[in-house]
2 protein chains.
Amino acid sequence: MLKANIYVTLKNGVLDPQGEAVKKSLKVLDYGQVEEVRIGKFIEVWLEGDDRESALKELEEMSDKLLANPVIEDYRVEIVEVN
Amino acid sequence: MLKANIYVTLKNGVLDPQGEAVKKSLKVLDYGQVEEVRIGKFIEVWLEGDDRESALKELEEMSDKLLANPVIEDYRVEIVEVN
């Protein structure tokens with residue numbers, strides 16, 4: 001069994017209305033020191049098998065096809081556990 | 001300037017319909033080795049100042065009040081950059 005973390009973030013320059021809204025709410029709550037907020041996805045995937053190399057390749061494929069939108073998002077795959 | 005990453009995940013036992021839907025879609029795409037998918041948030045926050053200690057405390061407060069829903073979600077705050 002393998003576990004992977006996938007971090008999906010908006011590319012630089014892509015507007016993040018959700019992040020903007022959160023920033024404004026934080027200012028209202030008196031956290032004036034907040035300069036910017038960007039909100040992405042943190043996806044945890046558990047996989048059968050224990051071949052890190054091929055798992056990484058497949059997880060990148062999954063990210064390209066389904067988990068991220070490569071036009072506006074970047075992603076990073078990290079294998080965190082091998083049991 | 002400080003940068004923090006905040007990972008917001010559903011607590012164990014809380015159903016994740018979005019993760020279930022993604023898992024089903026991955027099976028349809030022939031990734032049968034996927035056992036489970038859980039989807040959380042990856043929040044990046046840039047802050048004025050350079051006091052890691054007090055920043056961490058404030059970010060945990062922000063998470064409790066706004067960024068996460070402590071009833072169903074866990075969060076982890078990590079300071080990643082200090083310039």
# chains A, B, ... in the order shown; residues from 1 in each chain; ligands from 1

call {"tool": "interface_residues", "arguments": {"of": "chain B", "to": "chain A", "cutoff": "9 Å", "atoms": "only C-alpha atoms", "output": "JSON, numbers by chain"}}
result
{"B": [1, 7, 8, 9, 19, 22, 23, 25, 26, 29, 31, 32, 33, 34, 35, 36, 37, 38, 39, 40, 41, 42, 43, 44, 45, 46, 47, 48, 49, 58, 62, 66, 67]}

call {"tool": "select_by_dssp", "arguments": {"residues": "segment 36-68 of chain A", "states": "strand (DSSP E or B)", "output": "MDAnalysis selection string"}}
result
chainID A and resid 36:47

call {"tool": "select_by_dssp", "arguments": {"residues": "chain B", "states": "alpha helix (DSSP H)", "output": "list of chain:residue names"}}
result
B:Pro17, B:Gln18, B:Gly19, B:Glu20, B:Ala21, B:Val22, B:Lys23, B:Lys24, B:Ser25, B:Leu26, B:Lys27, B:Val28, B:Arg52, B:Glu53, B:Ser54, B:Ala55, B:Leu56, B:Lys57, B:Glu58, B:Leu59, B:Glu60, B:Glu61, B:Met62
